[in-house]
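Trainee: Got a structure for you, questions after.
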Amino acid sequence: MRLSTFLLAALLLGTLSLVAKDRQFYQIKIYHLKTAAQEASVDSFLQTAYLPALHRAGIQTVGVFKPVTADTAEIRIYVLVPFRNMEQFISLDKKLSSDKAYQQAGQSYLQAAYNDIPYSRLESVLLQAFSGMPMMTLPSLTAPQSERIYELRSYESPTEQYHVNKVKMFNEGDEIGIFRQLGFNAVFYGSVISGSKMPNLMYMTTFNNKADRDAHWKAFSADPAWKKLSAMQEYSHNVSKSEILFLRPTTYSDI
């Protein structure tokens, strides 16, 4: 009897391990810039060196975004990189260092002098995809790229346990399913495993334009399934702070 229990436990652990391996990891790199010259430098590096190198490394869908409304304090560029697994993430720097085309195309950025730096700060957030949507999905939009709205949301929780509860609300409570049914065109849902704001989850939904975005959220607020889910006591108090950021893809973004 004990042996059967051990075998069952081993099978369950193996299954969980496989599920975890099938979930993508995402890195969000945030370039904090002070000048238009820095912005031009980073844009050029990303377009001519970084994205092509990632494509050669087997990472085909890389998102590059800028805020719809410019921040008066700084310029920001957001880069979303999906990884099949943690090994691909860990090995990327080694691959880039041996990629001669990358080194040559990105030379001015990679070898910038200390007194002529291409950015003021580079921030990195690492996430793991939710089990309810384990892989990134490309949005299906019809509007011109210049009109599209990509909405990046961040939900911080009071404690780690409340964070687990909020993730459960998306997966088992099927908040993801509500978004899917209402046509939110989600790109990813992920739990932050390393970043400056934790415990935290982030997700990105996409729309043809701002009016389309507002109409979708109005429908979401009135949706019976959402009203039922949000009223459930077991999911109460699991968000302590939320942030909404409206982005637009650059002309060279894959997403």
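Naming works like this for the structure tokens: A, B, ... for the chains as they're shown, residue 1 at the start of each chain, ligands 1 onward in shown order.
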Applying 8 Å and only C-alpha atoms, which residues near segment 80-93 of chain A remain after dropping the ones on its own chain fewer than 4 positions away? List them as JSON, numbers by chain.

Mentor: {"A": [21, 22, 23, 24, 25, 26, 27, 28, 29, 57, 59, 61, 62, 63, 64, 97, 136]}

Trainee: Write the residues of the preceding selection, restricted to N, CA, C and O atoms, as a compact mmCIF listing (two decimals), in the first residue's frame.

Mentor:
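Result went into result-v6.txt, see below:
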```
# COMPACT_ATOMS: atom_id res chain seq x y z
N LYS A 21 7.11 22.61 -17.23
CA LYS A 21 8.01 22.76 -18.37
C LYS A 21 7.27 23.30 -19.59
O LYS A 21 7.87 23.94 -20.45
N ASP A 22 6.00 23.03 -19.70
CA ASP A 22 5.22 23.47 -20.85
C ASP A 22 4.79 24.93 -20.76
O ASP A 22 4.26 25.48 -21.71
N ARG A 23 5.01 25.54 -19.62
CA ARG A 23 4.64 26.94 -19.43
C ARG A 23 5.81 27.84 -19.79
O ARG A 23 6.92 27.66 -19.30
N GLN A 24 5.57 28.81 -20.64
CA GLN A 24 6.63 29.72 -21.05
C GLN A 24 7.07 30.63 -19.91
O GLN A 24 6.36 30.82 -18.91
N PHE A 25 8.24 31.20 -20.08
CA PHE A 25 8.73 32.27 -19.23
C PHE A 25 8.79 33.53 -20.07
O PHE A 25 9.04 33.46 -21.29
N TYR A 26 8.57 34.69 -19.44
CA TYR A 26 8.62 35.97 -20.15
C TYR A 26 9.57 36.91 -19.43
O TYR A 26 9.56 37.01 -18.20
N GLN A 27 10.36 37.61 -20.21
CA GLN A 27 11.15 38.70 -19.66
C GLN A 27 10.63 40.01 -20.23
O GLN A 27 10.46 40.14 -21.45
N ILE A 28 10.36 40.95 -19.34
CA ILE A 28 10.01 42.30 -19.77
C ILE A 28 11.19 43.20 -19.43
O ILE A 28 11.51 43.39 -18.25
N LYS A 29 11.84 43.69 -20.46
CA LYS A 29 12.96 44.61 -20.27
C LYS A 29 12.43 46.03 -20.46
O LYS A 29 11.75 46.31 -21.45
N ALA A 57 18.22 32.88 -32.64
CA ALA A 57 18.31 32.00 -31.47
C ALA A 57 17.03 31.20 -31.25
O ALA A 57 16.91 30.49 -30.26
N ILE A 59 13.86 32.56 -31.05
CA ILE A 59 12.80 33.33 -30.37
C ILE A 59 12.20 34.27 -31.41
O ILE A 59 12.78 35.30 -31.75
N THR A 61 8.91 35.71 -31.72
CA THR A 61 7.88 36.73 -31.47
C THR A 61 8.29 37.60 -30.28
O THR A 61 8.02 37.28 -29.13
N VAL A 62 8.93 38.70 -30.60
CA VAL A 62 9.42 39.64 -29.58
C VAL A 62 8.63 40.94 -29.71
O VAL A 62 8.54 41.51 -30.80
N GLY A 63 8.07 41.39 -28.61
CA GLY A 63 7.29 42.62 -28.63
C GLY A 63 8.11 43.81 -28.17
O GLY A 63 8.86 43.72 -27.20
N VAL A 64 7.98 44.92 -28.88
CA VAL A 64 8.63 46.17 -28.47
C VAL A 64 7.56 47.24 -28.46
O VAL A 64 6.86 47.46 -29.47
N SER A 97 26.68 36.43 -27.14
CA SER A 97 28.11 36.76 -27.11
C SER A 97 28.89 36.08 -28.22
O SER A 97 29.96 36.55 -28.62
N MET A 136 2.31 32.21 -25.07
CA MET A 136 1.95 33.50 -25.64
C MET A 136 1.05 33.31 -26.86
O MET A 136 1.21 32.37 -27.63
```

Trainee: Skipping near chain neighbours, those fewer than 3 positions away, what residues fall within 7 Å of segment 172-183 of chain A using only C-alpha atoms, listed as a PyMOL selection string?

Mentor: chain A and resi 132+168-169+226+229

Trainee: Report as number ranges by chain: the residues of segment 72-253 of chain A with a DSSP assignment of helix (DSSP H, G or I), based on the backbone of this structure.

Mentor: A: 86-97, 100-105, 107-110, 145-147, 160-171, 175-181, 210-222, 224-230, 233-235

Trainee: Just want the 8 Å neighbourhood of Tyr203 of chain A, counted on only C-alpha atoms, with same-chain residues fewer than 3 positions away dropped. Output as a ChimeraX atom specification.

Mentor: /A:152-154,186-190

Trainee: Keeping only N, CA, C and O atoms, write those residues as a JSON list (two decimals), in the first residue's frame.

Mentor:
```json
[["chain", "number", "residue", "atom", "x", "y", "z"],
["A", 152, "LEU", "N", -1.13, 46.81, -20.64],
["A", 152, "LEU", "CA", -0.33, 46.00, -19.72],
["A", 152, "LEU", "C", -0.79, 46.30, -18.29],
["A", 152, "LEU", "O", -0.71, 47.44, -17.84],
["A", 153, "ARG", "N", -1.29, 45.27, -17.62],
["A", 153, "ARG", "CA", -1.79, 45.43, -16.26],
["A", 153, "ARG", "C", -0.90, 44.71, -15.26],
["A", 153, "ARG", "O", -0.38, 43.63, -15.54],
["A", 154, "SER", "N", -0.77, 45.32, -14.09],
["A", 154, "SER", "CA", 0.03, 44.78, -13.01],
["A", 154, "SER", "C", -0.81, 44.74, -11.74],
["A", 154, "SER", "O", -1.40, 45.77, -11.36],
["A", 186, "ALA", "N", -5.82, 38.54, -25.47],
["A", 186, "ALA", "CA", -4.70, 38.54, -24.52],
["A", 186, "ALA", "C", -3.44, 37.99, -25.17],
["A", 186, "ALA", "O", -3.48, 37.02, -25.91],
["A", 187, "VAL", "N", -2.31, 38.62, -24.87],
["A", 187, "VAL", "CA", -1.01, 38.15, -25.35],
["A", 187, "VAL", "C", -0.40, 37.18, -24.35],
["A", 187, "VAL", "O", 0.12, 36.13, -24.72],
["A", 188, "PHE", "N", -0.48, 37.50, -23.05],
["A", 188, "PHE", "CA", 0.07, 36.62, -22.03],
["A", 188, "PHE", "C", -0.54, 36.95, -20.67],
["A", 188, "PHE", "O", -1.06, 38.04, -20.44],
["A", 189, "TYR", "N", -0.46, 35.97, -19.77],
["A", 189, "TYR", "CA", -0.72, 36.14, -18.35],
["A", 189, "TYR", "C", 0.46, 35.53, -17.62],
["A", 189, "TYR", "O", 0.85, 34.38, -17.92],
["A", 190, "GLY", "N", 1.06, 36.23, -16.67],
["A", 190, "GLY", "CA", 2.22, 35.68, -16.00],
["A", 190, "GLY", "C", 2.37, 36.12, -14.56],
["A", 190, "GLY", "O", 1.96, 37.23, -14.19]]
```

Trainee: Tell me which protein, DNA and RNA residues are within 6 Å of segment 30-46 of chain A, counting only C-alpha atoms, leaving out same-chain ones fewer than 6 positions away, and put them as a PyMOL selection string.

Mentor: chain A and resi 74-78+106+118-123

Trainee: Considering only C-alpha atoms, state which residue in the set A:Ser221, A:Ser236, A:Asn171, A:Ser253 is at the smallest distance from Pro134 of chain A.

Mentor: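 Closest to Pro134 of chain A of all the choices is A:Asn171.
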
Trainee: Counting only C-alpha atoms, which residues of segment 25-111 of chain A sit at most 7 Å from some atom of segment 243-250 of chain A, and what is each one's closest atom pair with its distance in Å to one decimal, listed by chain and rising residue number, as CSV?

Mentor:
```
residue,atom,partner,partner_atom,distance
A:Val64,CA,A:Pro249,CA,5.7
A:Phe65,CA,A:Pro249,CA,4.3
A:Lys66,CA,A:Leu247,CA,5.3
A:Pro67,CA,A:Leu247,CA,4.4
A:Val68,CA,A:Leu247,CA,5.1
```

Trainee: Those residues with N, CA and C atoms, as a PDB file, in the first residue's frame please?

Mentor:
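part_36.pdb, freshly written:
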```
ATOM      1  N   VAL A  64       7.985  44.916 -28.879  1.00  0.00           N
ATOM      2  CA  VAL A  64       8.630  46.171 -28.474  1.00  0.00           C
ATOM      3  C   VAL A  64       7.559  47.244 -28.465  1.00  0.00           C
ATOM      4  N   PHE A  65       7.425  47.930 -27.337  1.00  0.00           N
ATOM      5  CA  PHE A  65       6.320  48.868 -27.148  1.00  0.00           C
ATOM      6  C   PHE A  65       6.794  50.175 -26.514  1.00  0.00           C
ATOM      7  N   LYS A  66       5.996  51.215 -26.757  1.00  0.00           N
ATOM      8  CA  LYS A  66       6.232  52.507 -26.108  1.00  0.00           C
ATOM      9  C   LYS A  66       4.899  53.020 -25.560  1.00  0.00           C
ATOM     10  N   PRO A  67       4.937  53.763 -24.442  1.00  0.00           N
ATOM     11  CA  PRO A  67       3.699  54.296 -23.868  1.00  0.00           C
ATOM     12  C   PRO A  67       2.947  55.173 -24.859  1.00  0.00           C
ATOM     13  N   VAL A  68       1.620  55.046 -24.839  1.00  0.00           N
ATOM     14  CA  VAL A  68       0.780  55.882 -25.700  1.00  0.00           C
ATOM     15  C   VAL A  68       0.942  57.349 -25.327  1.00  0.00           C
TER      16      VAL A  68
END
```
